[in-house]
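Heads up, data-v2.csv below (CSV, C-alpha atoms and all ligand atoms):
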```
chain,number,residue,atom,x,y,z
A,1,MET,CA,37.9,115.4,60.4
A,2,ARG,CA,40.9,114.5,62.7
A,3,SER,CA,43.8,116.9,62.5
A,4,ASP,CA,46.1,114.2,61.2
A,5,GLU,CA,43.8,113.3,58.3
A,6,LYS,CA,45.1,114.5,55.0
A,7,PRO,CA,42.1,115.5,52.9
A,8,PHE,CA,44.1,116.2,49.7
A,9,MET,CA,45.3,112.6,49.5
A,10,SER,CA,43.2,111.6,46.6
A,11,GLN,CA,42.4,115.0,45.2
A,12,PRO,CA,43.0,115.3,41.5
A,13,ARG,CA,45.5,117.9,40.3
A,14,GLU,CA,43.6,120.3,38.1
A,15,ASP,CA,46.9,121.5,36.8
A,16,CYS,CA,48.6,118.2,36.0
A,17,LYS,CA,50.9,118.7,33.0
A,18,LEU,CA,52.5,116.5,30.4
A,19,ILE,CA,56.3,116.2,29.9
A,20,LEU,CA,57.6,114.5,26.8
A,21,ALA,CA,60.6,112.3,27.6
A,22,LEU,CA,62.8,113.0,24.6
A,23,ASP,CA,64.6,109.7,24.6
A,24,VAL,CA,66.1,109.6,21.1
A,25,PRO,CA,69.7,109.1,20.2
A,26,THR,CA,70.5,112.2,18.1
A,27,ARG,CA,69.6,115.9,17.9
A,28,GLU,CA,68.3,115.4,14.4
A,29,GLU,CA,65.8,112.8,15.6
A,30,ALA,CA,65.0,115.0,18.6
A,31,PHE,CA,64.1,118.0,16.4
A,32,ALA,CA,62.3,115.9,13.8
A,33,MET,CA,60.2,114.5,16.7
A,34,LEU,CA,59.4,118.0,18.1
A,35,GLU,CA,58.3,119.0,14.6
A,36,HIS,CA,55.6,116.3,14.9
A,37,CYS,CA,54.5,117.2,18.4
A,38,GLY,CA,52.1,120.0,17.5
A,39,ASN,CA,51.8,123.2,19.5
A,40,GLU,CA,50.1,122.0,22.8
A,41,LEU,CA,53.3,120.4,24.2
A,42,ARG,CA,55.1,122.7,26.7
A,43,TRP,CA,57.6,120.5,28.6
A,44,VAL,CA,60.4,118.4,27.3
A,45,LYS,CA,62.6,116.1,29.4
A,46,ILE,CA,66.2,115.9,28.3
A,47,GLY,CA,68.1,113.0,29.8
A,48,LEU,CA,71.7,111.9,30.0
A,49,GLN,CA,71.6,110.3,26.5
A,50,LEU,CA,71.3,113.6,24.7
A,51,PHE,CA,73.0,115.8,27.3
A,52,VAL,CA,76.1,113.7,27.4
A,53,LYS,CA,76.3,113.8,23.6
A,54,TYR,CA,75.5,117.5,22.9
A,55,GLY,CA,75.8,119.4,26.2
A,56,PRO,CA,74.2,122.7,27.2
A,57,SER,CA,73.9,123.9,23.6
A,58,PHE,CA,71.3,121.3,23.0
A,59,VAL,CA,69.3,122.5,26.0
A,60,ASN,CA,69.4,126.0,24.6
A,61,GLU,CA,68.3,124.8,21.2
A,62,VAL,CA,65.2,123.1,22.7
A,63,ALA,CA,64.4,126.1,24.8
A,64,GLU,CA,64.7,128.4,21.7
A,65,ARG,CA,61.9,126.5,20.2
A,66,GLY,CA,59.7,127.6,23.0
A,67,TYR,CA,59.8,124.5,25.3
A,68,GLU,CA,60.3,124.4,29.0
A,69,VAL,CA,63.2,122.0,29.8
A,70,PHE,CA,63.3,119.4,32.5
A,71,LEU,CA,67.0,118.4,32.7
A,72,ASP,CA,67.1,114.8,34.1
A,73,LEU,CA,70.8,114.4,35.1
A,74,LYS,CA,70.2,112.6,38.4
A,75,LEU,CA,73.2,114.1,40.1
A,76,HIS,CA,74.8,112.2,42.9
A,77,ASP,CA,78.2,113.0,44.4
A,78,ILE,CA,79.7,114.7,47.5
A,79,PRO,CA,77.8,117.9,48.5
A,80,ASN,CA,80.5,120.3,47.1
A,81,THR,CA,80.7,118.6,43.7
A,82,VAL,CA,76.9,118.5,43.2
A,83,ALA,CA,76.5,122.1,44.3
A,84,SER,CA,79.4,123.1,41.9
A,85,ALA,CA,77.8,121.2,39.0
A,86,ILE,CA,74.5,123.0,39.6
A,87,ARG,CA,76.3,126.3,39.7
A,88,SER,CA,77.8,125.4,36.3
A,89,LEU,CA,74.3,125.3,34.9
A,90,GLU,CA,73.9,129.0,35.6
A,91,GLY,CA,72.2,130.8,32.6
A,92,LEU,CA,70.9,127.6,31.1
A,93,PRO,CA,67.1,127.8,30.5
A,94,ILE,CA,65.9,124.9,32.6
A,95,GLY,CA,62.8,124.7,34.8
A,96,MET,CA,63.5,121.3,36.5
A,97,LEU,CA,66.6,119.3,37.4
A,98,THR,CA,67.0,116.0,39.2
A,99,ILE,CA,69.4,114.9,41.9
A,100,HIS,CA,69.5,111.6,43.8
A,101,SER,CA,68.0,111.8,47.3
A,102,MET,CA,70.4,109.0,48.3
A,103,GLY,CA,73.2,111.6,48.3
A,104,GLY,CA,71.8,112.6,51.7
A,105,GLN,CA,70.6,115.7,53.5
A,106,GLU,CA,73.8,117.8,53.2
A,107,MET,CA,74.1,117.1,49.5
A,108,MET,CA,70.5,118.0,48.9
A,109,SER,CA,70.6,121.2,51.0
A,110,ARG,CA,73.7,122.4,49.3
A,111,ALA,CA,72.2,121.5,45.9
A,112,ALA,CA,69.0,123.4,46.8
A,113,GLU,CA,71.0,126.5,47.8
A,114,ALA,CA,73.0,126.3,44.6
A,115,ALA,CA,69.8,126.0,42.5
A,116,ALA,CA,68.2,128.9,44.3
A,117,ALA,CA,71.3,131.0,43.7
A,118,ILE,CA,71.5,130.4,39.9
A,119,ASN,CA,67.7,130.5,39.2
A,120,PRO,CA,65.0,131.0,41.8
A,121,ASP,CA,62.4,129.5,39.4
A,122,LEU,CA,64.3,126.2,39.0
A,123,THR,CA,62.6,123.3,40.7
A,124,LEU,CA,65.1,120.8,42.1
A,125,LEU,CA,63.6,117.3,42.1
A,126,GLY,CA,64.8,114.3,44.2
A,127,VAL,CA,64.9,110.8,42.8
A,128,THR,CA,64.2,108.4,45.7
A,129,VAL,CA,64.8,104.6,44.9
A,130,LEU,CA,65.3,103.8,41.3
A,131,THR,CA,62.4,101.6,40.0
A,132,SER,CA,65.1,99.3,38.5
A,133,MET,CA,65.9,98.3,42.1
A,134,ASN,CA,63.8,95.8,43.9
A,135,ARG,CA,64.1,94.5,47.4
A,136,THR,CA,66.6,91.8,46.4
A,137,ASN,CA,69.1,94.0,44.7
A,138,LEU,CA,68.7,96.7,47.4
A,139,ALA,CA,69.7,94.0,49.9
A,140,THR,CA,72.8,93.2,47.9
A,141,ILE,CA,74.1,96.8,48.3
A,142,GLY,CA,73.3,96.8,52.0
A,143,PHE,CA,69.8,98.2,52.2
A,144,ASP,CA,67.6,95.7,54.1
A,145,ASP,CA,64.6,98.0,54.4
A,146,ASP,CA,61.3,97.7,52.7
A,147,PRO,CA,61.7,99.7,49.4
A,148,GLU,CA,58.5,101.6,50.1
A,149,ALA,CA,59.7,102.7,53.6
A,150,MET,CA,63.0,103.8,51.9
A,151,VAL,CA,61.1,105.8,49.4
A,152,LEU,CA,59.1,107.6,52.1
A,153,ARG,CA,62.1,108.3,54.2
A,154,LEU,CA,64.0,109.7,51.2
A,155,ALA,CA,61.0,111.7,50.1
A,156,ARG,CA,60.7,113.3,53.5
A,157,LEU,CA,64.4,114.0,53.7
A,158,ALA,CA,64.3,115.6,50.2
A,159,SER,CA,61.4,117.9,51.3
A,160,GLU,CA,63.1,118.8,54.6
A,161,SER,CA,66.3,119.6,52.7
A,162,GLY,CA,64.6,122.2,50.6
A,163,LEU,CA,63.9,120.4,47.3
A,164,GLY,CA,60.8,121.5,45.4
A,165,GLY,CA,59.7,118.1,44.2
A,166,LEU,CA,60.1,114.4,43.8
A,167,VAL,CA,60.1,111.9,41.0
A,168,CYS,CA,57.9,109.0,42.0
A,169,SER,CA,56.7,105.8,40.3
A,170,PRO,CA,52.9,105.4,40.0
A,171,LEU,CA,53.0,102.9,42.8
A,172,GLU,CA,54.6,105.4,45.2
A,173,LEU,CA,52.6,108.4,44.1
A,174,PRO,CA,49.6,108.2,46.5
A,175,MET,CA,51.7,107.5,49.6
A,176,VAL,CA,54.2,110.3,48.9
A,177,ARG,CA,51.4,112.8,48.1
A,178,LYS,CA,49.7,111.8,51.3
A,179,GLU,CA,52.9,112.1,53.3
A,180,LEU,CA,54.1,115.4,51.9
A,181,GLY,CA,50.9,117.3,51.2
A,182,PRO,CA,49.6,119.3,48.2
A,183,ASP,CA,52.4,121.8,47.7
A,184,ILE,CA,55.4,119.6,46.7
A,185,ALA,CA,55.7,118.9,42.9
A,186,ILE,CA,55.4,115.2,42.1
A,187,ILE,CA,56.5,114.0,38.7
A,188,THR,CA,55.4,110.5,37.6
A,189,PRO,CA,56.8,108.4,34.8
A,190,GLY,CA,55.4,105.0,34.0
A,191,VAL,CA,52.2,106.5,32.5
A,192,ARG,CA,50.4,104.7,29.7
A,193,PRO,CA,47.2,105.8,28.0
A,194,GLU,CA,44.5,103.2,27.8
A,195,GLY,CA,45.4,100.5,25.2
A,196,ALA,CA,49.1,101.6,24.8
A,197,SER,CA,51.9,99.1,25.2
A,198,ALA,CA,53.5,99.0,28.7
A,199,ASP,CA,56.9,98.5,27.0
A,200,ASP,CA,59.3,97.7,29.9
A,201,GLN,CA,57.3,99.6,32.5
A,202,LYS,CA,56.0,97.2,35.2
A,203,ARG,CA,53.6,99.4,37.1
A,204,THR,CA,51.7,101.9,35.1
A,205,LEU,CA,48.9,104.4,35.5
A,206,THR,CA,46.8,106.1,32.8
A,207,PRO,CA,47.2,109.9,32.5
A,208,ALA,CA,43.8,110.3,34.2
A,209,GLY,CA,44.8,107.9,36.9
A,210,ALA,CA,48.0,109.8,37.6
A,211,ARG,CA,46.1,113.1,37.8
A,212,ALA,CA,43.6,111.6,40.1
A,213,LYS,CA,46.3,110.3,42.5
A,214,GLY,CA,47.9,113.7,42.7
A,215,ALA,CA,50.6,113.9,40.1
A,216,SER,CA,51.7,117.4,39.3
A,217,PHE,CA,53.4,116.3,36.0
A,218,ILE,CA,53.4,113.1,34.1
A,219,VAL,CA,56.4,112.0,32.0
A,220,VAL,CA,55.6,110.1,28.8
A,221,GLY,CA,58.1,108.8,26.3
A,222,ARG,CA,57.4,105.8,24.0
A,223,PRO,CA,53.6,106.1,23.7
A,224,ILE,CA,54.3,109.5,22.0
A,225,LEU,CA,57.7,108.8,20.4
A,226,LYS,CA,56.5,105.6,18.7
A,227,ALA,CA,53.0,106.9,17.8
A,228,ASP,CA,52.1,107.1,14.1
A,229,ASP,CA,50.9,110.6,14.9
A,230,PRO,CA,52.8,112.1,17.9
A,231,SER,CA,50.7,115.3,18.0
A,232,GLN,CA,47.5,113.3,18.1
A,233,ALA,CA,48.9,111.1,20.9
A,234,ILE,CA,49.8,114.3,22.8
A,235,ARG,CA,46.3,115.8,22.2
A,236,ARG,CA,44.7,112.7,23.6
A,237,ILE,CA,46.8,112.6,26.7
A,238,MET,CA,46.2,116.3,27.3
A,239,ALA,CA,42.4,115.8,26.8
A,240,GLU,CA,42.6,113.1,29.5
A,241,LEU,CA,44.5,115.4,31.8
A,242,ARG,CA,41.8,118.1,31.5
A,301,LIG,O1,59.0,105.7,27.3
A,301,LIG,P1,58.5,105.8,28.7
A,301,LIG,O2,57.2,106.6,28.8
A,301,LIG,O3,58.5,104.6,29.5
A,301,LIG,O4,59.6,106.8,29.4
A,301,LIG,C1,59.6,107.2,30.7
A,301,LIG,C2,60.7,108.1,31.0
A,301,LIG,O5,60.8,108.3,32.4
A,301,LIG,C3,62.1,107.6,30.6
A,301,LIG,O6,62.9,108.8,30.3
A,301,LIG,C4,62.6,107.0,31.9
A,301,LIG,O7,64.0,107.0,32.0
A,301,LIG,C5,62.0,107.8,33.0
A,301,LIG,N1,61.9,107.2,34.3
A,301,LIG,C6,61.1,106.1,34.5
A,301,LIG,N2,61.0,105.5,35.7
A,301,LIG,C7,61.6,106.1,36.8
A,301,LIG,C8,62.4,107.3,36.6
A,301,LIG,C9,62.5,107.8,35.3
A,301,LIG,O8,60.6,105.5,33.5
A,301,LIG,N3,61.5,105.6,38.0
```
Write out the structure in this file as structure tokens.
Amino acid sequence: MRSDEKPFMSQPREDCKLILALDVPTREEAFAMLEHCGNELRWVKIGLQLFVKYGPSFVNEVAERGYEVFLDLKLHDIPNTVASAIRSLEGLPIGMLTIHSMGGQEMMSRAAEAAAAINPDLTLLGVTVLTSMNRTNLATIGFDDDPEAMVLRLARLASESGLGGLVCSPLELPMVRKELGPDIAIITPGVRPEGASADDQKRTLTPAGARAKGASFIVVGRPILKADDPSQAIRRIMAELR
């Protein structure tokens, strides 16, 4: 094998885990949903919708129920402001947090330092190019590059800036895993079990497909949130991941 070949590129992740995207409008609905999720689910993603409404106390309440929390805030500001915002999360029981890689190398490095200072076990994740942006609307804001090239450049920069992981669409997952190797955490949304509605996701992978392409975690929302029996939907996804 040549030294530049990357043998892990299509190796499945034995430890690929499920994260539930808790995309509901109120805390009452959030806790009612968690009641129906059974006891296999470990990770819950809290996004801006609930965090803006209820703040850190909601994160504490979810963690008190025994879940690991992925706080999806997608922070993006000048380096000092992002680092200060992360320091403000000190003491909050979160295992993952997102920032925008487009904030640049200094912002990401300062963010990584702040994250390590408040909680050495916190994995800081870089969002590369939002999947809502295509080549045309990237060009309208001055980015003439191929979106995939941008994703790769930002992924590399995030890794070099000390981030522990990346959020990637199913389409980007294989190339990012190939480029950055087996150690970085890659979190993939856009996952749909066989036969489930794609909703508004354009490019999807099944749980087994995401695992096979090297996802460390998959994020699934509506296929669980809208299921008649969320705990059964979770069990099926977890069975596929195993
Ligand atoms: O309901 P669904 O499974 O599509 O939810 C996917 C979750 O992942 C949502 O919280 C969505 O905001 C998030 N996400 C995404 N695509 C990205 C980044 C995040 O779907 N590129």
Dump the neighbourhood of ligand LIG 301 (chain A) as an NGL selection string: all residues within 7 Å, distances computed on only C-alpha atoms and all ligand atoms.
:A and (21 or 23 or 47 or 130-131 or 167-169 or 189-191 or 199-201 or 219-223)
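The residue that comes closest to Leu163 in chain A, out of A:Met175, A:Val151, A:Leu89, A:Leu97 and on the basis of all atoms listed in the file, is A:Leu97.
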Name the closest residue to Ser101 in chain A among the candidates A:Ala30, A:Ala215, A:Val127, A:Leu73; distances are taken between atoms, counting all atoms listed in the file.
A:Val127
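Going from CA of Lys17 in chain A over to CA of Arg236 in chain A, you cover 12.8 Å.
Minimum atom-to-atom distances from A:Glu172, A:Glu64, A:Glu35, A:Asp121 to Leu225 in chain A were compared using only C-alpha atoms, and the lowest value belongs to A:Glu35.
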Give the answer as one residue: which of A:Glu194, A:Glu68, A:Asp183, A:Asp229 has the shortest atom-to-atom distance to Met96 in chain A, using all atoms listed in the file?
A:Glu68
Complete the atoms of range 42-65 of chain A to N, CA, C and O atoms and put them out as a PDB file, in the frame of the given file.
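Wrote part_0.pdb, looks like this:
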```pdb
ATOM      1  N   ARG A  42      54.313 121.663  26.077  1.00  0.00           N
ATOM      2  CA  ARG A  42      55.100 122.700  26.700  1.00  0.00           C
ATOM      3  C   ARG A  42      56.425 122.225  27.263  1.00  0.00           C
ATOM      4  O   ARG A  42      57.440 122.906  27.204  1.00  0.00           O
ATOM      5  N   TRP A  43      56.394 121.000  27.873  1.00  0.00           N
ATOM      6  CA  TRP A  43      57.600 120.500  28.600  1.00  0.00           C
ATOM      7  C   TRP A  43      58.248 119.375  27.947  1.00  0.00           C
ATOM      8  O   TRP A  43      57.593 118.446  27.471  1.00  0.00           O
ATOM      9  N   VAL A  44      59.585 119.425  27.933  1.00  0.00           N
ATOM     10  CA  VAL A  44      60.400 118.400  27.300  1.00  0.00           C
ATOM     11  C   VAL A  44      61.443 117.926  28.346  1.00  0.00           C
ATOM     12  O   VAL A  44      62.104 118.773  28.965  1.00  0.00           O
ATOM     13  N   LYS A  45      61.574 116.619  28.517  1.00  0.00           N
ATOM     14  CA  LYS A  45      62.600 116.100  29.400  1.00  0.00           C
ATOM     15  C   LYS A  45      63.840 115.683  28.602  1.00  0.00           C
ATOM     16  O   LYS A  45      63.744 114.856  27.703  1.00  0.00           O
ATOM     17  N   ILE A  46      64.976 116.295  28.921  1.00  0.00           N
ATOM     18  CA  ILE A  46      66.200 115.900  28.300  1.00  0.00           C
ATOM     19  C   ILE A  46      67.028 115.101  29.296  1.00  0.00           C
ATOM     20  O   ILE A  46      67.284 115.557  30.416  1.00  0.00           O
ATOM     21  N   GLY A  47      67.384 113.884  28.908  1.00  0.00           N
ATOM     22  CA  GLY A  47      68.100 113.000  29.800  1.00  0.00           C
ATOM     23  C   GLY A  47      69.574 112.924  29.491  1.00  0.00           C
ATOM     24  O   GLY A  47      70.098 113.661  28.641  1.00  0.00           O
ATOM     25  N   LEU A  48      70.248 112.003  30.152  1.00  0.00           N
ATOM     26  CA  LEU A  48      71.700 111.900  30.000  1.00  0.00           C
ATOM     27  C   LEU A  48      72.090 111.529  28.554  1.00  0.00           C
ATOM     28  O   LEU A  48      73.129 111.967  28.069  1.00  0.00           O
ATOM     29  N   GLN A  49      71.255 110.731  27.876  1.00  0.00           N
ATOM     30  CA  GLN A  49      71.600 110.300  26.500  1.00  0.00           C
ATOM     31  C   GLN A  49      71.929 111.486  25.607  1.00  0.00           C
ATOM     32  O   GLN A  49      72.971 111.507  24.947  1.00  0.00           O
ATOM     33  N   LEU A  50      71.065 112.486  25.595  1.00  0.00           N
ATOM     34  CA  LEU A  50      71.300 113.600  24.700  1.00  0.00           C
ATOM     35  C   LEU A  50      72.224 114.662  25.364  1.00  0.00           C
ATOM     36  O   LEU A  50      73.038 115.293  24.683  1.00  0.00           O
ATOM     37  N   PHE A  51      72.138 114.822  26.697  1.00  0.00           N
ATOM     38  CA  PHE A  51      73.000 115.800  27.300  1.00  0.00           C
ATOM     39  C   PHE A  51      74.443 115.458  27.283  1.00  0.00           C
ATOM     40  O   PHE A  51      75.306 116.305  27.034  1.00  0.00           O
ATOM     41  N   VAL A  52      74.739 114.169  27.476  1.00  0.00           N
ATOM     42  CA  VAL A  52      76.100 113.700  27.400  1.00  0.00           C
ATOM     43  C   VAL A  52      76.686 113.935  26.004  1.00  0.00           C
ATOM     44  O   VAL A  52      77.845 114.307  25.817  1.00  0.00           O
ATOM     45  N   LYS A  53      75.848 113.733  25.026  1.00  0.00           N
ATOM     46  CA  LYS A  53      76.300 113.800  23.600  1.00  0.00           C
ATOM     47  C   LYS A  53      76.470 115.298  23.167  1.00  0.00           C
ATOM     48  O   LYS A  53      77.426 115.635  22.500  1.00  0.00           O
ATOM     49  N   TYR A  54      75.504 116.128  23.531  1.00  0.00           N
ATOM     50  CA  TYR A  54      75.500 117.500  22.900  1.00  0.00           C
ATOM     51  C   TYR A  54      75.671 118.622  23.945  1.00  0.00           C
ATOM     52  O   TYR A  54      75.902 119.758  23.533  1.00  0.00           O
ATOM     53  N   GLY A  55      75.493 118.332  25.232  1.00  0.00           N
ATOM     54  CA  GLY A  55      75.800 119.400  26.200  1.00  0.00           C
ATOM     55  C   GLY A  55      74.736 120.482  26.290  1.00  0.00           C
ATOM     56  O   GLY A  55      73.645 120.395  25.723  1.00  0.00           O
ATOM     57  N   PRO A  56      75.126 121.587  26.982  1.00  0.00           N
ATOM     58  CA  PRO A  56      74.200 122.700  27.200  1.00  0.00           C
ATOM     59  C   PRO A  56      73.640 123.309  25.919  1.00  0.00           C
ATOM     60  O   PRO A  56      72.518 123.823  25.912  1.00  0.00           O
ATOM     61  N   SER A  57      74.405 123.267  24.822  1.00  0.00           N
ATOM     62  CA  SER A  57      73.900 123.900  23.600  1.00  0.00           C
ATOM     63  C   SER A  57      72.603 123.263  23.129  1.00  0.00           C
ATOM     64  O   SER A  57      71.705 123.926  22.599  1.00  0.00           O
ATOM     65  N   PHE A  58      72.494 121.973  23.367  1.00  0.00           N
ATOM     66  CA  PHE A  58      71.300 121.300  23.000  1.00  0.00           C
ATOM     67  C   PHE A  58      70.077 121.773  23.805  1.00  0.00           C
ATOM     68  O   PHE A  58      68.972 121.979  23.291  1.00  0.00           O
ATOM     69  N   VAL A  59      70.318 121.986  25.097  1.00  0.00           N
ATOM     70  CA  VAL A  59      69.300 122.500  26.000  1.00  0.00           C
ATOM     71  C   VAL A  59      68.806 123.879  25.446  1.00  0.00           C
ATOM     72  O   VAL A  59      67.611 124.171  25.342  1.00  0.00           O
ATOM     73  N   ASN A  60      69.785 124.719  25.095  1.00  0.00           N
ATOM     74  CA  ASN A  60      69.400 126.000  24.600  1.00  0.00           C
ATOM     75  C   ASN A  60      68.608 125.933  23.295  1.00  0.00           C
ATOM     76  O   ASN A  60      67.638 126.665  23.107  1.00  0.00           O
ATOM     77  N   GLU A  61      68.988 124.989  22.433  1.00  0.00           N
ATOM     78  CA  GLU A  61      68.300 124.800  21.200  1.00  0.00           C
ATOM     79  C   GLU A  61      66.806 124.416  21.395  1.00  0.00           C
ATOM     80  O   GLU A  61      65.903 124.869  20.696  1.00  0.00           O
ATOM     81  N   VAL A  62      66.604 123.533  22.369  1.00  0.00           N
ATOM     82  CA  VAL A  62      65.200 123.100  22.700  1.00  0.00           C
ATOM     83  C   VAL A  62      64.433 124.276  23.248  1.00  0.00           C
ATOM     84  O   VAL A  62      63.296 124.547  22.842  1.00  0.00           O
ATOM     85  N   ALA A  63      65.059 125.001  24.166  1.00  0.00           N
ATOM     86  CA  ALA A  63      64.400 126.100  24.800  1.00  0.00           C
ATOM     87  C   ALA A  63      64.059 127.227  23.759  1.00  0.00           C
ATOM     88  O   ALA A  63      63.001 127.869  23.818  1.00  0.00           O
ATOM     89  N   GLU A  64      64.975 127.420  22.790  1.00  0.00           N
ATOM     90  CA  GLU A  64      64.700 128.400  21.700  1.00  0.00           C
ATOM     91  C   GLU A  64      63.492 128.114  20.919  1.00  0.00           C
ATOM     92  O   GLU A  64      62.884 128.995  20.330  1.00  0.00           O
ATOM     93  N   ARG A  65      63.119 126.840  20.871  1.00  0.00           N
ATOM     94  CA  ARG A  65      61.900 126.500  20.200  1.00  0.00           C
ATOM     95  C   ARG A  65      60.648 126.646  21.007  1.00  0.00           C
ATOM     96  O   ARG A  65      59.556 126.254  20.633  1.00  0.00           O
TER      97      ARG A  65
END
```
